Amino acid sequence: MLNLLRDITQAVAGAKDLDAALELLVGQIKLAMQTECCSIYILDEHELVLSATDGLKPESVGHVRMPLSEGLVGLVAEREEAINLADARQHARFKLFPEAAEEEYRAFLAVPIIYQKQLLGVIVVQQASARQFSEGEEAFLMTLAAQLAMAVRGLKQKAVVQHRRQQVLFSGTPASNGIAIANALVLGGDISLEQPDILCRDVKAETERLTQAIERCRNNLANLAQRFDREQDQEVVGIFAALQSLLEDESLGGEYLREVAAGWVAEAAVSRVSKRYIEQFQSMQDAYIKQRASDIRELGTKVLRQLVEPERLELDSERPVILVAKEADTTLLAEFPRGKLVGIVTELGGVNSHAAILARAMGIPALTGVQQVLAANLNRKLLVLNATRGSLMVSPSPSVISEFRLLMNAEKALQRQYVQELHLPAETLDGQRIKLYLNAGLLSGLESEIAEGSDGIGLYRTEIPFMLQQRFPSESEQIAVYKQVFNAANGRPVTMRSLDVGGDKPLPYFPIKEENPFLGWRGIRLSLDHPELFLVQIRAMLQANGDGEQLSVLLPMVSNLEEIDHALEYFEQAYQELKADVNPNLSRPRVGIMLEVPAILFQLEEVAKRVDFISVGSNDLTQYLLAVDRNNPRVTSLFDSYHPGVLRSLKTAHEQCVTYGLATSVCGEMAGEPAGALLLAAMGYRHLSMNQGSLARINYLLRRVSLTELKALLDVALTKRSGQDVRDLLREYLARKDLAAVLN
């Protein structure tokens, strides 16, 4: 059953367009279920359209249309559930379409195709004899519809992009506000088996390229097989083992290489061999052998990906681009040439993934959770990315481009207005001073960013320099980087967070493979397991600070008191060694922990006896409080830092820290959001750390509000039912004060 579902799904996903996919699908389902008729209706605006059939009149395709309020197919769509009838004619909603010649059929089974709450269409199977389809048949069709939903949606979106002359609109979740206009650079898109026939000039070099691609593909398959072997899923292991065997010299792997030897480039060789064997297999009568064509298609696509899209980023254009990818990791963004990346669009990744945070730090508009955008063939197409409003426009008209350029200019004018006051302190109308710090990780431009109004560096992400290396940086290399940070801060305080990798921040030379990385080996857990790395980093920080007073050290992902105690032991060891051997006047910096794990909320009294301060990481704290993966677009709507439960936790944390004499700050993304900054100030937080792009806006806003008013506003916010209600409350408040523009 698993192989059958996989074969049908892969064949559909590999089809060149929606029509071809649906035509293939009805034939495959009819064969698999041994039924007499299979049809698929696709939702087009408010009508269901017969889009493919094997059993009804072919000429009725595209002509049979019905609203959701008509017929049994409409009832399935309306209810969004399966209908299984022994004799469809006996049902009150039965409607006959004579042009389709379906009067001979009585048995009726239909299931909806739904992708993330969105109805895409309906699959129908029918038979002439009156009989109830079995529970197994119904379950098979429902499973197949669920698996096909993503592929069908992607092909449907692709058809819209390719066939419409007017602009096409995608929607997603804003991760970094702003507007960008540029051509798309797609990384990680679908690779087509249809590669051009190109003769090669150097058979030896081309053979080497192909051999390396086959080896990388073989390693990937071996890793996947090993993973499922651990899970004792032997049927899936068998699938990967079969694909691996096809890569051997005596099988398709050898055929690919022989095609190169005949004079073709590697891409053409893989394409020619794959298409040749697919055609042969599909022409055979045996159903099992016929379905093996999907193995050849899958393997050819995997090898082509290794050839067409090398792992390293290579750009062939000097013009700025909007990156379109399945998921943009922080390493990719950090390596991207500065000035060439003006926007980011991803299918995966949440608004508080570290890639999104880095995008905000770099001032690059970013949109996440744009479903099936890779399937739409956007490469090199002109895009308008309005990350502030959550939209992506493909092939916009000249008038639309002109309109968005005006919006970009208006936004720049507002930003200039904010910047004019950045040299003034962030002080509320009733005289309360809020200190604004900078979240940083990239050295480029750091001196100018510090000079532009911040009170110091509230969070220096030391993992960024680690990500830009091909190995762990040495002690002297780290000292050099940290000195640059202190020099840029020009005497102002600097809080350096110890290495925080894992989760969505992998190191290319130290990969961590975990089933659930956000609950895994990351932050202080990794540092304590590798004291040789932790001690080097502490020593580098201490030596860079010398006898100065700038440094505070922050420990990430702390979940228990033992971790604090062990970290402090290593800290004391490094400090005493350096004081004895290097610098007798070495300063002892303050040490704090990140408040990210909810359990620490209930141990703040004990924490206060060990460290000097806490810094709230609102992103991870929200993630763990709400049990929502912040990188998963399917649950993005549930990730909400303004959830009343999260707000109450933040307020409680500050109140307890005041009671126990523990200094507090907030370095999560919430501190750099206008609504978040107002609520945090009302709770009592006086140290907020944010990306450089937010400093001027937050400073401008805080200088125009009264803390007395904000405290009353917070009392109301804490009684609200949802995060959206809290946002609406803040929006109304700012509108009354003519400050609504700061939210845009």
# chains A, B, ... in the order shown; residues from 1 in each chain; ligands from 1
>>> select_by_dssp(residues="region 544-732 of chain A", states="strand (DSSP E or B)", output="list in words")
Leu551, Ser552, Val553, Leu554, Leu555, Arg590, Val591, Gly592, Ile593, Met594, Leu595, Phe613, Ile614, Ser615, Val616, Ala663, Thr664, Ser665, Val666, His687, Leu688, Ser689 and Met690 of chain A
>>> closest_atom_pairs(of="region 98-209 of chain A", to="region 650-674 of chain A", cutoff="12 Å", atoms="only C-alpha atoms", output="Markdown table")
| residue | atom | partner | partner_atom | distance |
| --- | --- | --- | --- | --- |
| A:Ala175 | CA | A:Glu669 | CA | 10.6 |
| A:Ser176 | CA | A:Glu669 | CA | 10.6 |
| A:Asn177 | CA | A:Glu673 | CA | 10.8 |
>>> closest_atom_pairs(of="region 394-456 of chain A", to="region 706-714 of chain A", cutoff="9 Å", atoms="only C-alpha atoms", output="Markdown table")
| residue | atom | partner | partner_atom | distance |
| --- | --- | --- | --- | --- |
| A:Thr428 | CA | A:Ser706 | CA | 5.6 |
| A:Leu429 | CA | A:Ser706 | CA | 5.0 |
| A:Asp430 | CA | A:Ser706 | CA | 5.6 |
| A:Gly431 | CA | A:Ser706 | CA | 8.4 |
| A:Gln432 | CA | A:Leu707 | CA | 7.2 |
>>> write_last_selection(atoms="N, CA and C atoms", output="mmCIF file, in the first residue's frame")
data_model
loop_
_atom_site.group_PDB
_atom_site.id
_atom_site.type_symbol
_atom_site.label_atom_id
_atom_site.label_comp_id
_atom_site.auth_asym_id
_atom_site.auth_seq_id
_atom_site.Cartn_x
_atom_site.Cartn_y
_atom_site.Cartn_z
ATOM 1 N N THR A 428 9.984 58.846 27.949
ATOM 2 C CA THR A 428 8.539 59.007 27.775
ATOM 3 C C THR A 428 8.102 60.409 28.179
ATOM 4 N N LEU A 429 6.852 60.758 27.864
ATOM 5 C CA LEU A 429 6.332 62.089 28.164
ATOM 6 C C LEU A 429 6.339 62.388 29.660
ATOM 7 N N ASP A 430 6.251 61.308 30.484
ATOM 8 C CA ASP A 430 6.268 61.533 31.934
ATOM 9 C C ASP A 430 7.647 61.252 32.535
ATOM 10 N N GLY A 431 8.706 61.347 31.683
ATOM 11 C CA GLY A 431 10.073 61.357 32.183
ATOM 12 C C GLY A 431 10.716 60.021 32.483
ATOM 13 N N GLN A 432 10.138 58.920 32.024
ATOM 14 C CA GLN A 432 10.734 57.604 32.277
ATOM 15 C C GLN A 432 11.726 57.261 31.151
#
>>> closest_residue(among="A:Ala580, A:Val125, A:Leu144, A:Leu247", to="Ile113 (chain A)", atoms="only C-alpha atoms")
A:Leu144
>>> residues_around(residues="Ile181 (chain A)", least_positions_apart="2", cutoff="9 Å", atoms="only C-alpha atoms", output="PDB file with C-alpha atoms, in the first residue's frame")
ATOM      1  CA  ILE A 179       9.141  46.465   0.096  1.00  0.00           C
ATOM      2  CA  ASN A 183      13.981  39.574 -10.251  1.00  0.00           C
ATOM      3  CA  VAL A 321      17.708  39.684  -6.500  1.00  0.00           C
ATOM      4  CA  ILE A 322      14.870  38.439  -4.328  1.00  0.00           C
ATOM      5  CA  VAL A 342      17.013  42.799  -1.458  1.00  0.00           C
ATOM      6  CA  GLY A 343      14.289  40.365  -0.389  1.00  0.00           C
ATOM      7  CA  LEU A 382      10.101  40.244 -11.880  1.00  0.00           C
ATOM      8  CA  LEU A 383       8.641  40.314  -8.369  1.00  0.00           C
ATOM      9  CA  VAL A 384       7.199  42.932  -6.070  1.00  0.00           C
ATOM     10  CA  LEU A 385       7.633  41.812  -2.473  1.00  0.00           C
ATOM     11  CA  ASN A 386       5.474  43.689   0.019  1.00  0.00           C
ATOM     12  CA  ILE A 401       5.587  48.952 -10.021  1.00  0.00           C
ATOM     13  CA  PHE A 404       5.106  50.484  -5.065  1.00  0.00           C
ATOM     14  CA  ARG A 405       8.055  52.740  -5.790  1.00  0.00           C
TER      15      ARG A 405
END
>>> closest_residue(among="A:Gly453, A:Pro493, A:Pro473, A:Gly645", to="Val419 (chain A)", atoms="only C-alpha atoms")
A:Gly453
>>> residues_around(residues="Gly71 (chain A)", least_positions_apart="3", cutoff="9 Å", atoms="only C-alpha atoms", output="number ranges by chain")
A: 66-68, 74-76, 92-96
>>> select_by_dssp(residues="region 8-96 of chain A", states="alpha helix (DSSP H)", output="PyMOL selection string")
chain A and resi 8-13+18-33+71-79
>>> write_last_selection(atoms="N, CA, C and O atoms", output="compact mmCIF listing (two decimals), in the first residue's frame")
# COMPACT_ATOMS: atom_id res chain seq x y z
N ILE A 8 2.03 6.74 -6.99
CA ILE A 8 1.03 7.63 -7.58
C ILE A 8 1.37 9.08 -7.25
O ILE A 8 1.35 9.96 -8.13
N THR A 9 1.73 9.35 -6.00
CA THR A 9 2.04 10.72 -5.58
C THR A 9 3.24 11.26 -6.32
O THR A 9 3.25 12.40 -6.79
N GLN A 10 4.29 10.46 -6.46
CA GLN A 10 5.50 10.92 -7.15
C GLN A 10 5.26 11.14 -8.63
O GLN A 10 5.79 12.08 -9.23
N ALA A 11 4.46 10.27 -9.23
CA ALA A 11 4.16 10.44 -10.65
C ALA A 11 3.42 11.75 -10.89
O ALA A 11 3.70 12.48 -11.85
N VAL A 12 2.48 12.07 -10.00
CA VAL A 12 1.73 13.32 -10.15
C VAL A 12 2.65 14.52 -9.91
O VAL A 12 2.63 15.50 -10.66
N ALA A 13 3.48 14.44 -8.86
CA ALA A 13 4.39 15.55 -8.56
C ALA A 13 5.37 15.80 -9.69
O ALA A 13 5.81 16.93 -9.91
N LEU A 18 -0.59 20.77 -14.59
CA LEU A 18 -1.77 20.28 -13.86
C LEU A 18 -2.60 19.34 -14.71
O LEU A 18 -3.05 18.30 -14.23
N ASP A 19 -2.83 19.68 -15.97
CA ASP A 19 -3.65 18.82 -16.84
C ASP A 19 -3.04 17.43 -16.97
O ASP A 19 -3.75 16.42 -16.88
N ALA A 20 -1.72 17.39 -17.20
CA ALA A 20 -1.05 16.09 -17.34
C ALA A 20 -1.13 15.30 -16.03
O ALA A 20 -1.33 14.09 -16.05
N ALA A 21 -0.98 16.00 -14.91
CA ALA A 21 -1.03 15.33 -13.60
C ALA A 21 -2.40 14.72 -13.34
O ALA A 21 -2.52 13.58 -12.89
N LEU A 22 -3.46 15.48 -13.63
CA LEU A 22 -4.81 14.99 -13.38
C LEU A 22 -5.16 13.83 -14.31
O LEU A 22 -5.82 12.87 -13.90
N GLU A 23 -4.72 13.92 -15.57
CA GLU A 23 -4.98 12.83 -16.52
C GLU A 23 -4.28 11.56 -16.06
O GLU A 23 -4.85 10.46 -16.13
N LEU A 24 -3.05 11.71 -15.60
CA LEU A 24 -2.32 10.56 -15.08
C LEU A 24 -2.99 10.02 -13.83
O LEU A 24 -3.12 8.81 -13.64
N LEU A 25 -3.47 10.90 -12.99
CA LEU A 25 -4.04 10.52 -11.70
C LEU A 25 -5.31 9.69 -11.86
O LEU A 25 -5.47 8.66 -11.19
N VAL A 26 -6.23 10.10 -12.72
CA VAL A 26 -7.48 9.34 -12.86
C VAL A 26 -7.21 7.93 -13.37
O VAL A 26 -7.86 6.96 -12.94
N GLY A 27 -6.22 7.80 -14.26
CA GLY A 27 -5.88 6.47 -14.76
C GLY A 27 -5.27 5.60 -13.67
O GLY A 27 -5.59 4.41 -13.55
N GLN A 28 -4.38 6.18 -12.88
CA GLN A 28 -3.71 5.43 -11.81
C GLN A 28 -4.71 5.00 -10.73
O GLN A 28 -4.64 3.88 -10.23
N ILE A 29 -5.62 5.90 -10.37
CA ILE A 29 -6.60 5.56 -9.32
C ILE A 29 -7.55 4.48 -9.82
O ILE A 29 -7.88 3.53 -9.09
N LYS A 30 -8.01 4.61 -11.04
CA LYS A 30 -8.92 3.61 -11.61
C LYS A 30 -8.27 2.24 -11.62
O LYS A 30 -8.89 1.22 -11.27
N LEU A 31 -6.98 2.21 -11.98
CA LEU A 31 -6.25 0.94 -12.01
C LEU A 31 -6.04 0.40 -10.60
O LEU A 31 -6.25 -0.78 -10.33
N ALA A 32 -5.63 1.26 -9.68
CA ALA A 32 -5.33 0.82 -8.31
C ALA A 32 -6.57 0.31 -7.59
O ALA A 32 -6.49 -0.66 -6.84
N MET A 33 -7.73 0.95 -7.82
CA MET A 33 -8.95 0.57 -7.11
C MET A 33 -9.81 -0.41 -7.90
O MET A 33 -10.87 -0.84 -7.42
N GLY A 71 -25.52 19.00 -6.70
CA GLY A 71 -24.97 17.67 -6.95
C GLY A 71 -24.26 17.07 -5.75
O GLY A 71 -23.99 17.72 -4.74
N LEU A 72 -23.95 15.77 -5.90
CA LEU A 72 -23.24 15.06 -4.84
C LEU A 72 -21.80 15.53 -4.72
O LEU A 72 -21.25 15.61 -3.62
N VAL A 73 -21.19 15.84 -5.85
CA VAL A 73 -19.82 16.34 -5.80
C VAL A 73 -19.79 17.67 -5.05
O VAL A 73 -18.89 17.93 -4.24
N GLY A 74 -20.79 18.51 -5.31
CA GLY A 74 -20.89 19.77 -4.58
C GLY A 74 -21.10 19.55 -3.10
O GLY A 74 -20.58 20.31 -2.27
N LEU A 75 -21.84 18.51 -2.73
CA LEU A 75 -22.09 18.20 -1.32
C LEU A 75 -20.81 17.79 -0.61
O LEU A 75 -20.56 18.18 0.54
N VAL A 76 -19.98 16.99 -1.30
CA VAL A 76 -18.68 16.59 -0.74
C VAL A 76 -17.83 17.83 -0.47
O VAL A 76 -17.21 17.97 0.59
N ALA A 77 -17.81 18.76 -1.44
CA ALA A 77 -17.04 19.99 -1.28
C ALA A 77 -17.61 20.87 -0.17
O ALA A 77 -16.87 21.47 0.61
N GLU A 78 -18.93 20.92 -0.09
CA GLU A 78 -19.61 21.76 0.89
C GLU A 78 -19.34 21.27 2.31
O GLU A 78 -19.04 22.05 3.21
N ARG A 79 -19.45 19.95 2.48
CA ARG A 79 -19.24 19.36 3.81
C ARG A 79 -17.77 19.13 4.14
O ARG A 79 -17.41 18.94 5.29
>>> closest_residue(among="A:Gln692, A:Val345, A:Ala540, A:Glu215", to="Leu422 (chain A)", atoms="only C-alpha atoms")
A:Gln692
>>> closest_residue(among="A:Gln623, A:Phe108, A:Gln415, A:Val152", to="Phe133 (chain A)", atoms="only C-alpha atoms")
A:Phe108
>>> closest_residue(among="A:Val203, A:Ala261, A:Leu193, A:Ala574", to="Val303 (chain A)", atoms="only C-alpha atoms")
A:Leu193
>>> residues_around(residues="Glu421 (chain A)", least_positions_apart="2", cutoff="8 Å", atoms="only C-alpha atoms", output="PDB file with C-alpha atoms, in the first residue's frame")
ATOM      1  CA  GLN A 417      11.690  61.411  10.235  1.00  0.00           C
ATOM      2  CA  TYR A 418      12.424  58.808  12.902  1.00  0.00           C
ATOM      3  CA  VAL A 419      16.188  59.102  12.460  1.00  0.00           C
ATOM      4  CA  HIS A 423      20.318  61.290  18.928  1.00  0.00           C
ATOM      5  CA  LEU A 424      17.810  62.191  21.643  1.00  0.00           C
ATOM      6  CA  ALA A 696      14.797  54.921  15.394  1.00  0.00           C
ATOM      7  CA  ASN A 699      12.827  55.737  20.085  1.00  0.00           C
ATOM      8  CA  TYR A 700      10.429  58.013  18.158  1.00  0.00           C
TER       9      TYR A 700
END
>>> atom_distance(atom1="CA of Leu729 (chain A)", atom2="CA of Asn409 (chain A)")
29.0 Å
>>> closest_residue(among="A:Leu561, A:Met142, A:Ala682, A:Val370", to="Arg634 (chain A)", atoms="only C-alpha atoms")
A:Val370
>>> atom_distance(atom1="CA of Ile434 (chain A)", atom2="CA of Pro644 (chain A)")
23.3 Å
>>> atom_distance(atom1="CA of Ala205 (chain A)", atom2="CA of Ser251 (chain A)")
21.7 Å
>>> residues_around(residues="region 549-556 of chain A", least_positions_apart="5", cutoff="10 Å", atoms="only C-alpha atoms", output="ChimeraX atom specification")
/A:456-461,486,489-501,522-525,527,538,541-542,544,563-564,567-568,571,586-597,611-615,617
>>> write_last_selection(atoms="C-alpha atoms", output="compact mmCIF listing (two decimals), in the first residue's frame")
# COMPACT_ATOMS: atom_id res chain seq x y z
CA GLY A 456 25.19 49.81 23.65
CA ILE A 457 24.98 46.22 22.44
CA GLY A 458 22.32 44.28 24.31
CA LEU A 459 22.94 41.02 22.45
CA TYR A 460 26.01 40.13 20.41
CA ARG A 461 25.34 36.79 18.70
CA PHE A 486 34.20 46.52 21.93
CA ALA A 489 30.78 50.17 21.06
CA ASN A 490 33.20 52.94 22.08
CA GLY A 491 32.99 52.41 25.83
CA ARG A 492 29.32 51.48 25.91
CA PRO A 493 28.20 48.16 27.44
CA VAL A 494 28.33 44.98 25.38
CA THR A 495 26.45 41.77 26.25
CA MET A 496 27.96 38.76 24.49
CA ARG A 497 25.96 35.56 24.31
CA SER A 498 28.00 32.37 24.37
CA LEU A 499 27.77 30.06 21.38
CA ASP A 500 24.12 29.34 20.59
CA VAL A 501 23.97 26.83 17.73
CA ARG A 522 21.68 23.42 21.57
CA GLY A 523 22.83 26.49 23.45
CA ILE A 524 24.46 25.92 26.84
CA ARG A 525 23.82 22.17 26.55
CA SER A 527 28.82 24.21 25.34
CA ILE A 538 35.17 32.49 27.58
CA MET A 541 35.79 37.24 25.65
CA LEU A 542 37.68 37.99 28.87
CA ALA A 544 39.18 41.06 24.53
CA GLU A 563 23.69 24.14 34.07
CA ILE A 564 24.28 27.56 35.62
CA ALA A 567 28.93 27.10 33.45
CA LEU A 568 30.06 29.34 36.32
CA PHE A 571 33.89 30.68 33.85
CA LEU A 586 41.56 41.37 34.37
CA SER A 587 38.00 42.56 35.01
CA ARG A 588 35.31 40.15 36.11
CA PRO A 589 32.26 40.80 33.93
CA ARG A 590 28.64 40.36 34.91
CA VAL A 591 27.13 36.98 34.02
CA GLY A 592 23.49 36.42 33.13
CA ILE A 593 21.21 33.84 31.59
CA MET A 594 18.62 33.89 28.84
CA LEU A 595 15.09 33.39 30.10
CA GLU A 596 13.76 31.13 27.33
CA VAL A 597 12.76 27.86 29.01
CA VAL A 611 23.85 35.37 38.30
CA ASP A 612 23.66 39.14 37.90
CA PHE A 613 20.87 39.53 35.37
CA ILE A 614 18.45 37.80 33.01
CA SER A 615 17.70 38.67 29.41
CA GLY A 617 14.44 35.74 24.79
